[in-house]
>>> print(open('upload.txt').read())   # compact mmCIF, C-alpha atoms
# COMPACT_ATOMS: atom_id res chain seq x y z
CA VAL A 1 -29.31 10.43 -30.89
CA ALA A 2 -28.51 13.48 -33.04
CA GLY A 3 -26.96 11.10 -35.58
CA GLY A 4 -30.06 8.95 -35.81
CA ALA A 5 -29.47 6.38 -33.07
CA ARG A 6 -32.39 5.24 -30.91
CA LEU A 7 -31.59 5.30 -27.20
CA ARG A 8 -33.45 3.22 -24.63
CA ARG A 9 -32.86 3.92 -20.94
CA GLY A 10 -33.65 1.81 -17.91
CA VAL A 11 -33.89 -1.47 -19.81
CA ALA A 12 -31.56 -4.39 -19.07
CA ALA A 13 -30.31 -6.79 -21.72
CA GLN A 14 -30.70 -10.44 -20.70
CA ALA A 15 -29.36 -12.44 -23.64
CA ALA A 16 -28.39 -12.20 -27.30
CA VAL A 17 -29.15 -14.81 -29.95
CA PRO A 18 -27.50 -14.98 -33.40
CA LEU A 19 -29.82 -14.91 -36.39
CA ALA A 20 -29.24 -15.38 -40.10
CA GLY A 21 -27.35 -12.20 -40.94
CA GLY A 22 -27.73 -10.53 -37.56
CA TRP A 23 -28.59 -10.68 -33.85
CA ARG A 24 -31.63 -10.55 -31.59
CA LEU A 25 -31.19 -8.92 -28.19
CA ARG A 26 -33.69 -10.07 -25.54
CA LEU A 27 -34.55 -7.39 -23.00
CA ALA A 28 -35.80 -7.68 -19.43
CA ASP A 29 -39.12 -6.00 -20.23
CA GLY A 30 -40.02 -8.83 -22.61
CA THR A 31 -39.25 -6.97 -25.82
CA ALA A 32 -36.45 -7.64 -28.28
CA GLU A 33 -34.21 -5.65 -30.59
CA THR A 34 -32.63 -6.93 -33.80
CA GLY A 35 -29.68 -5.69 -35.81
CA ALA A 36 -26.97 -6.72 -38.22
CA ALA A 37 -24.21 -6.35 -35.59
CA LEU A 38 -23.96 -6.60 -31.81
CA VAL A 39 -21.47 -4.46 -29.88
CA LEU A 40 -20.84 -6.12 -26.53
CA ALA A 41 -20.00 -3.42 -23.97
CA THR A 42 -21.03 -5.01 -20.67
CA GLY A 43 -17.72 -4.22 -18.94
CA LYS A 44 -16.47 -6.73 -16.39
CA HIS A 45 -19.89 -8.45 -16.31
CA GLU A 46 -20.83 -11.20 -18.75
CA LEU A 47 -23.91 -11.43 -20.93
CA ARG A 48 -25.57 -14.82 -20.74
CA GLY A 49 -24.25 -17.16 -23.41
CA LEU A 50 -21.46 -14.78 -24.52
CA ALA A 51 -18.98 -15.00 -21.64
CA ARG A 52 -15.36 -14.19 -22.36
CA PRO A 53 -13.14 -17.27 -22.85
CA ALA A 54 -11.12 -16.55 -19.70
CA ALA A 55 -10.82 -18.77 -16.63
CA GLY A 56 -10.43 -17.62 -13.03
CA GLY A 57 -9.77 -14.00 -12.26
CA ALA A 58 -9.46 -11.55 -9.41
CA LEU A 59 -12.06 -9.98 -7.15
CA GLY A 60 -12.65 -6.28 -7.78
CA VAL A 61 -13.91 -4.23 -4.81
CA LYS A 62 -14.90 -0.55 -4.64
CA LEU A 63 -15.80 1.61 -1.63
CA ALA A 64 -16.55 5.34 -1.51
CA LEU A 65 -14.96 7.16 1.42
CA GLU A 66 -15.40 10.42 3.30
CA GLY A 67 -12.76 12.09 5.43
CA VAL A 68 -9.96 11.53 2.89
CA ALA A 69 -8.24 14.56 1.29
CA LEU A 70 -6.03 13.71 -1.68
CA GLY A 71 -6.10 16.93 -3.67
CA ASP A 72 -5.47 15.98 -7.27
CA ALA A 73 -3.24 13.03 -6.38
CA MET A 74 -3.87 9.30 -6.68
CA ALA A 75 -2.23 6.67 -4.50
CA LEU A 76 -1.30 3.09 -5.34
CA LEU A 77 -1.22 1.00 -2.15
CA ALA A 78 0.13 -2.51 -1.66
CA CYS A 79 -1.88 -4.86 0.55
CA ARG A 80 -2.03 -8.56 1.24
CA GLY A 81 -3.40 -10.49 -1.74
CA GLY A 82 -3.25 -7.63 -4.22
CA TYR A 83 -3.24 -3.85 -4.29
CA ALA A 84 -5.52 -0.85 -3.94
CA GLY A 85 -5.95 2.45 -5.71
CA LEU A 86 -7.12 5.56 -3.86
CA GLN A 87 -8.34 8.44 -6.01
CA PRO A 88 -10.31 11.69 -5.48
CA ARG A 89 -14.05 11.41 -5.76
CA ALA A 90 -16.25 13.96 -7.50
CA GLY A 91 -17.90 16.07 -4.82
CA GLY A 92 -15.27 15.31 -2.19
CA GLY A 93 -13.83 12.27 -0.47
CA ALA A 94 -12.21 9.41 -2.35
CA ASN A 95 -12.86 6.08 -4.02
CA LEU A 96 -10.94 3.04 -2.79
CA CYS A 97 -10.66 0.29 -5.40
CA LEU A 98 -8.98 -3.08 -4.87
CA ALA A 99 -7.89 -6.00 -7.02
CA LEU A 100 -7.58 -9.10 -4.81
CA GLN A 101 -6.53 -12.58 -5.79
CA PRO A 102 -8.55 -15.70 -4.91
CA GLY A 103 -7.27 -17.22 -1.70
CA THR A 104 -6.65 -13.88 0.01
CA PRO A 105 -7.31 -14.43 3.75
CA GLY A 106 -10.71 -13.10 4.77
CA LEU A 107 -11.71 -12.39 1.16
CA ALA A 108 -15.44 -12.89 1.76
CA SER A 109 -15.43 -10.47 4.69
CA LEU A 110 -13.45 -7.86 2.74
CA ALA A 111 -16.08 -7.88 -0.01
CA ARG A 112 -18.90 -7.20 2.49
CA ASP A 113 -17.51 -5.25 5.45
CA PRO A 114 -16.23 -1.66 4.91
CA VAL A 115 -14.41 -1.62 8.25
CA ALA A 116 -12.55 -4.84 7.46
CA LEU A 117 -11.69 -3.54 3.99
CA LEU A 118 -10.20 -0.29 5.34
CA ALA A 119 -8.22 -2.19 7.98
CA HIS A 120 -6.86 -4.58 5.34
CA VAL A 121 -5.54 -1.78 3.12
CA ALA A 122 -4.21 0.26 6.05
CA ALA A 123 -2.25 -2.75 7.29
CA GLY A 124 -0.44 -3.05 3.97
CA SER A 125 1.77 0.04 4.14
CA ALA A 126 2.69 3.12 6.15
CA LEU A 127 1.24 5.29 3.38
CA GLY A 128 -2.03 3.38 3.53
CA ARG A 129 -2.28 3.90 7.30
CA GLU A 130 -1.59 7.62 6.89
CA LEU A 131 -4.06 8.26 4.08
CA LEU A 132 -6.87 6.19 5.62
CA ALA A 133 -6.45 7.40 9.20
CA GLY A 134 -9.60 9.55 9.11
CA ALA A 135 -11.51 7.63 6.45
CA ARG A 136 -15.23 6.91 6.91
CA PRO A 137 -17.21 4.58 4.59
CA ALA A 138 -19.81 6.47 2.54
CA TRP A 139 -21.58 3.22 1.62
CA ALA A 140 -23.07 0.53 3.85
CA ARG A 141 -21.06 -2.12 2.01
CA PRO A 142 -18.56 -2.24 -0.85
CA LEU A 143 -19.41 -3.02 -4.45
CA ALA A 144 -17.78 -6.22 -5.69
CA VAL A 145 -17.36 -8.12 -8.94
CA ALA A 146 -15.75 -11.56 -9.14
CA GLY A 147 -13.78 -13.30 -11.85
CA VAL A 148 -12.06 -10.23 -13.30
CA PRO A 149 -9.55 -11.66 -15.84
CA TYR A 150 -6.77 -9.07 -15.68
CA GLY A 151 -4.52 -9.42 -18.72
CA PHE A 152 -7.25 -10.93 -20.92
CA ILE A 153 -7.23 -9.97 -24.62
CA HIS A 154 -9.90 -11.31 -26.97
CA ARG A 155 -8.00 -12.61 -29.99
CA GLY A 156 -10.42 -14.98 -31.71
CA ALA A 157 -12.86 -14.05 -34.43
CA GLY A 158 -15.81 -15.20 -32.33
CA ALA A 159 -19.35 -15.19 -33.62
CA ALA A 160 -20.05 -13.31 -36.84
CA GLY A 161 -21.19 -9.75 -36.25
CA LEU A 162 -20.21 -9.73 -32.54
CA PHE A 163 -17.85 -6.85 -31.74
CA ARG A 164 -16.36 -6.80 -28.24
CA VAL A 165 -15.25 -3.47 -26.74
CA GLY A 166 -13.96 -2.23 -23.39
CA ASP A 167 -13.36 -4.93 -20.78
CA GLN A 168 -15.06 -7.43 -23.05
CA ALA A 169 -12.17 -6.97 -25.50
CA ALA A 170 -9.28 -6.56 -23.06
CA VAL A 171 -8.88 -6.11 -19.29
CA VAL A 172 -5.89 -3.98 -18.36
CA PRO A 173 -4.61 -4.27 -14.75
CA SER A 174 -6.46 -1.64 -12.75
CA LEU A 175 -3.28 0.01 -11.49
CA CYS A 176 -2.83 1.57 -14.93
CA GLY A 177 -6.00 3.61 -14.61
CA ASP A 178 -6.67 3.57 -18.34
CA GLY A 179 -9.74 1.35 -18.61
CA ILE A 180 -12.08 4.19 -19.63
CA ALA A 181 -9.75 5.37 -22.40
CA MET A 182 -9.47 1.79 -23.66
CA ALA A 183 -13.26 1.47 -23.64
CA LEU A 184 -13.65 4.66 -25.68
CA ALA A 185 -10.88 3.77 -28.12
CA SER A 186 -12.15 0.23 -28.68
CA GLY A 187 -15.68 1.54 -29.16
CA LEU A 188 -14.47 3.97 -31.81
CA ALA A 189 -12.51 1.15 -33.46
CA ALA A 190 -15.58 -1.11 -33.54
CA ALA A 191 -17.75 1.68 -34.98
CA SER A 192 -15.17 2.33 -37.70
CA ALA A 193 -14.98 -1.38 -38.53
CA ILE A 194 -18.77 -1.71 -38.79
CA ALA A 195 -19.05 1.44 -40.92
CA ALA A 196 -16.33 0.11 -43.24
CA GLY A 197 -18.01 -3.28 -43.57
CA GLN A 198 -15.19 -5.14 -41.80
CA GLY A 199 -15.80 -8.32 -39.86
CA ALA A 200 -15.52 -8.74 -36.11
CA GLY A 201 -12.43 -10.91 -36.50
CA ALA A 202 -10.52 -8.09 -38.19
CA HIS A 203 -11.61 -5.66 -35.46
CA HIS A 204 -10.44 -7.96 -32.65
CA ALA A 205 -7.12 -8.74 -34.35
CA GLY A 206 -6.39 -5.07 -34.97
CA TRP A 207 -7.30 -4.14 -31.40
CA ALA A 208 -5.07 -6.88 -29.98
CA ARG A 209 -2.11 -5.63 -32.03
CA ARG A 210 -2.71 -2.06 -30.98
CA ILE A 211 -2.82 -2.68 -27.23
CA GLY A 212 -0.49 -5.68 -26.97
CA PRO A 213 2.75 -3.89 -25.96
CA GLY A 214 1.07 -1.74 -23.31
CA MET A 215 -0.85 -4.71 -21.91
CA ARG A 216 2.36 -6.72 -21.50
CA LEU A 217 4.05 -3.90 -19.62
CA ALA A 218 0.93 -3.35 -17.49
CA GLY A 219 0.82 -7.07 -16.68
CA LEU A 220 4.45 -6.99 -15.49
CA ALA A 221 3.79 -3.97 -13.28
CA GLY A 222 0.64 -5.58 -11.89
CA ALA A 223 2.45 -8.82 -11.08
CA LEU A 224 5.21 -6.94 -9.26
CA MET A 225 2.66 -4.91 -7.30
CA GLN A 226 0.92 -8.10 -6.15
CA ARG A 227 3.95 -10.29 -5.43
CA ALA A 228 6.94 -8.00 -4.86
CA PRO A 229 5.86 -4.38 -4.30
CA GLY A 230 9.23 -3.61 -2.70
CA VAL A 231 11.00 -4.43 -5.95
CA LEU A 232 8.68 -2.09 -7.87
CA VAL A 233 9.19 0.75 -5.37
CA ALA A 234 12.98 0.24 -5.38
CA GLY A 235 13.04 0.33 -9.16
CA VAL A 236 11.07 3.57 -9.36
CA GLY A 237 13.26 5.08 -6.64
CA SER A 238 16.49 4.11 -8.39
CA TRP A 239 15.37 5.33 -11.83
CA PRO A 240 13.17 8.43 -11.34
CA GLY A 241 12.08 8.44 -14.99
CA LEU A 242 10.90 4.83 -14.91
CA ALA A 243 7.39 5.58 -13.65
CA GLY A 244 6.78 8.24 -16.30
CA TRP A 245 8.16 5.99 -19.03
CA ALA A 246 5.88 3.13 -17.98
CA ALA A 247 2.86 5.44 -17.67
CA GLN A 248 3.33 6.75 -21.21
CA ARG A 249 3.49 3.24 -22.61
CA THR A 250 0.44 1.96 -20.80
CA ARG A 251 -1.83 4.87 -21.72
CA MET A 252 -4.26 4.64 -24.62
CA GLY A 253 -4.49 7.60 -26.97
CA LEU A 254 -7.85 7.78 -28.76
CA GLU A 255 -6.14 8.37 -32.10
CA GLY A 256 -2.85 6.51 -31.75
CA GLY A 257 -1.56 3.86 -29.36
>>> encode(input="upload.txt", output="structure tokens")
Amino acid sequence: VAGGARLRRGVAAQAAVPLAGGWRLRLADGTAETGAALVLATGKHELRGLARPAAGGALGVKLALEGVALGDAMALLACRGGYAGLQPRAGGGANLCLALQPGTPGLASLARDPVALLAHVAAGSALGRELLAGARPAWARPLAVAGVPYGFIHRGAGAAGLFRVGDQAAVVPSLCGDGIAMALASGLAAASAIAAGQGAGAHHAGWARRIGPGMRLAGLAGALMQRAPGVLVAGVGSWPGLAGWAAQRTRMGLEGG
């Protein structure tokens, strides 16, 4: 706002339509905005008519918990059909986030029932049972989003003037915990490209090159966590520096890689 931007709060975008030399954004209140470029930052959700070219995908589930004390630690927990991350929540308690593959037994119930969700994660490991022993759901039901294409990277030029950022540009496996940094870095990259008069194709190609190595390593770690968590744990136990090495190479610096 201080730089001259106009901010509108509490208004949902419904669709975007390309125009000659720009875009028109249709809003839920019946109004429209036009501009020379459109930055698509809708996260894991799609905007009508501009869905990512990615088929299938996992189910993402999130549940806030009380009665869980983690300090400043985060836990990565294996469970049937995927894995879960447990992290401290601002104000106390913790957030439990899961990435579950289609076909996971009881998937529909897990996305709706907090008790079933906690039992599912607790059954996956001794650490999960210990950490969740006193957990109480802070929400009546979990939040869920379907069709999350982990590993997706937007490589095509796409429509002229359409700049994808965040999860619309690339979806890193959630275990890496770097989605926010990637969103910020890709947003800065898109802003720089627009200011320099570069096309969306150049922005997407440069972003794909920048994050490619880290995404490949993150994909390998995610696959092991889903299909062979014991192998991943044994590897980290045998080579104590392996986890730190992998973490460094799957983290996004805002200036570098």
>>> residues_around(input="upload.txt", residues="stretch 74-80 of chain A", least_positions_apart="6", cutoff="8 Å", atoms="all atoms listed in the file", output="VMD selection string")
chain A and resid 86 to 88 104 120 to 125 127 to 128 175 225 to 226 229
>>> atom_distance(input="upload.txt", atom1="atom CA of A:Ala246", atom2="atom CA of A:Val231")
15.1 Å
>>> residues_around(input="upload.txt", residues="A:Arg24", least_positions_apart="2", cutoff="10 Å", atoms="only C-alpha atoms", output="ChimeraX atom specification")
/A:15-19,22,26-27,32-38
>>> residues_near_point(input="upload.txt", point="(-6.3, -10.7, -34.6)", cutoff="10 Å", atoms="all atoms listed in the file", output="count of residues only")
14
>>> residues_around(input="upload.txt", residues="A:Gly57", least_positions_apart="2", cutoff="8 Å", atoms="all atoms listed in the file", output="list in words")
Ala54, Ala55, Leu59, Gln101, Pro102, Ala146, Gly147, Val148, Pro149 and Tyr150 of chain A
>>> write_last_selection(input="upload.txt", atoms="C-alpha atoms", output="compact mmCIF listing (two decimals), in the coordinates of the input")
# COMPACT_ATOMS: atom_id res chain seq x y z
CA ALA A 54 -11.12 -16.55 -19.70
CA ALA A 55 -10.82 -18.77 -16.63
CA LEU A 59 -12.06 -9.98 -7.15
CA GLN A 101 -6.53 -12.58 -5.79
CA PRO A 102 -8.55 -15.70 -4.91
CA ALA A 146 -15.75 -11.56 -9.14
CA GLY A 147 -13.78 -13.30 -11.85
CA VAL A 148 -12.06 -10.23 -13.30
CA PRO A 149 -9.55 -11.66 -15.84
CA TYR A 150 -6.77 -9.07 -15.68
>>> closest_residue(input="upload.txt", among="A:Leu184, A:Ala189, A:Leu70, A:Leu107", to="A:Leu132", atoms="all atoms listed in the file")
A:Leu70
>>> atom_distance(input="upload.txt", atom1="atom CA of A:Arg216", atom2="atom CA of A:Gly179")
14.8 Å
>>> atom_distance(input="upload.txt", atom1="atom CA of A:Trp139", atom2="atom CA of A:Arg8")
28.8 Å
>>> closest_residue(input="upload.txt", among="A:Ala12, A:Leu100, A:Ala140, A:Ala51", to="A:Gly222", atoms="all atoms listed in the file")
A:Leu100
>>> residues_around(input="upload.txt", residues="A:Ala144", least_positions_apart="5", cutoff="8 Å", atoms="only C-alpha atoms", output="PyMOL selection string")
chain A and resi 59-62+111
>>> closest_residue(input="upload.txt", among="A:Gly230, A:Gly237, A:Pro173, A:Gly91", to="A:Thr250", atoms="only C-alpha atoms")
A:Pro173
>>> closest_residue(input="upload.txt", among="A:Val172, A:Ala183, A:Leu118, A:Ile194", to="A:Gly214", atoms="all atoms listed in the file")
A:Val172
>>> residues_around(input="upload.txt", residues="A:Val68", least_positions_apart="3", cutoff="7 Å", atoms="only C-alpha atoms", output="MDAnalysis selection string")
chainID A and resid 65 93:94 131:132 134:135
>>> axis_aligned_box(input="upload.txt", around="stretch 186-202 of chain A", padding_each_side="5 Å", output="AutoDock Vina command-line options")
--center_x -14.8 --center_y -3.5 --center_z -36.1 --size_x 18.5 --size_y 24.9 --size_z 24.9
>>> closest_residue(input="upload.txt", among="A:Ala133, A:Leu143, A:Ala119, A:Leu162", to="A:Asn95", atoms="all atoms listed in the file")
A:Leu143
>>> closest_residue(input="upload.txt", among="A:Ala190, A:Gly92, A:Phe152, A:Arg129", to="A:Gly56", atoms="all atoms listed in the file")
A:Phe152
>>> build_atoms(input="upload.txt", residues="stretch 235-249 of chain A", atoms="N, CA and C atoms", output="mmCIF file, in the frame of the given file")
data_model
loop_
_atom_site.group_PDB
_atom_site.id
_atom_site.type_symbol
_atom_site.label_atom_id
_atom_site.label_comp_id
_atom_site.auth_asym_id
_atom_site.auth_seq_id
_atom_site.Cartn_x
_atom_site.Cartn_y
_atom_site.Cartn_z
ATOM 1 N N GLY A 235 12.729 0.008 -7.779
ATOM 2 C CA GLY A 235 13.040 0.330 -9.160
ATOM 3 C C GLY A 235 12.685 1.765 -9.505
ATOM 4 N N VAL A 236 11.500 2.193 -9.087
ATOM 5 C CA VAL A 236 11.070 3.570 -9.360
ATOM 6 C C VAL A 236 11.964 4.556 -8.621
ATOM 7 N N GLY A 237 12.387 4.190 -7.398
ATOM 8 C CA GLY A 237 13.260 5.080 -6.640
ATOM 9 C C GLY A 237 14.649 5.195 -7.235
ATOM 10 N N SER A 238 15.148 4.105 -7.815
ATOM 11 C CA SER A 238 16.490 4.110 -8.390
ATOM 12 C C SER A 238 16.540 4.810 -9.744
ATOM 13 N N TRP A 239 15.443 4.688 -10.510
ATOM 14 C CA TRP A 239 15.370 5.330 -11.830
ATOM 15 C C TRP A 239 14.142 6.237 -11.850
ATOM 16 N N PRO A 240 14.319 7.515 -11.487
ATOM 17 C CA PRO A 240 13.170 8.430 -11.340
ATOM 18 C C PRO A 240 12.304 8.534 -12.594
ATOM 19 N N GLY A 241 12.869 8.335 -13.766
ATOM 20 C CA GLY A 241 12.080 8.440 -14.990
ATOM 21 C C GLY A 241 11.318 7.186 -15.338
ATOM 22 N N LEU A 242 11.512 6.111 -14.564
ATOM 23 C CA LEU A 242 10.900 4.830 -14.910
ATOM 24 C C LEU A 242 9.377 4.887 -14.838
ATOM 25 N N ALA A 243 8.843 5.530 -13.804
ATOM 26 C CA ALA A 243 7.390 5.580 -13.650
ATOM 27 C C ALA A 243 6.746 6.350 -14.806
ATOM 28 N N GLY A 244 7.329 7.473 -15.181
ATOM 29 C CA GLY A 244 6.780 8.240 -16.300
ATOM 30 C C GLY A 244 6.866 7.493 -17.608
ATOM 31 N N TRP A 245 7.984 6.796 -17.816
ATOM 32 C CA TRP A 245 8.160 5.990 -19.030
ATOM 33 C C TRP A 245 7.093 4.914 -19.119
ATOM 34 N N ALA A 246 6.875 4.200 -17.995
ATOM 35 C CA ALA A 246 5.880 3.130 -17.980
ATOM 36 C C ALA A 246 4.471 3.694 -18.169
ATOM 37 N N ALA A 247 4.189 4.844 -17.550
ATOM 38 C CA ALA A 247 2.860 5.440 -17.670
ATOM 39 C C ALA A 247 2.552 5.800 -19.127
ATOM 40 N N GLN A 248 3.540 6.371 -19.811
ATOM 41 C CA GLN A 248 3.330 6.750 -21.210
ATOM 42 C C GLN A 248 3.031 5.548 -22.094
ATOM 43 N N ARG A 249 3.637 4.417 -21.757
ATOM 44 C CA ARG A 249 3.490 3.240 -22.610
ATOM 45 C C ARG A 249 2.339 2.331 -22.219
#
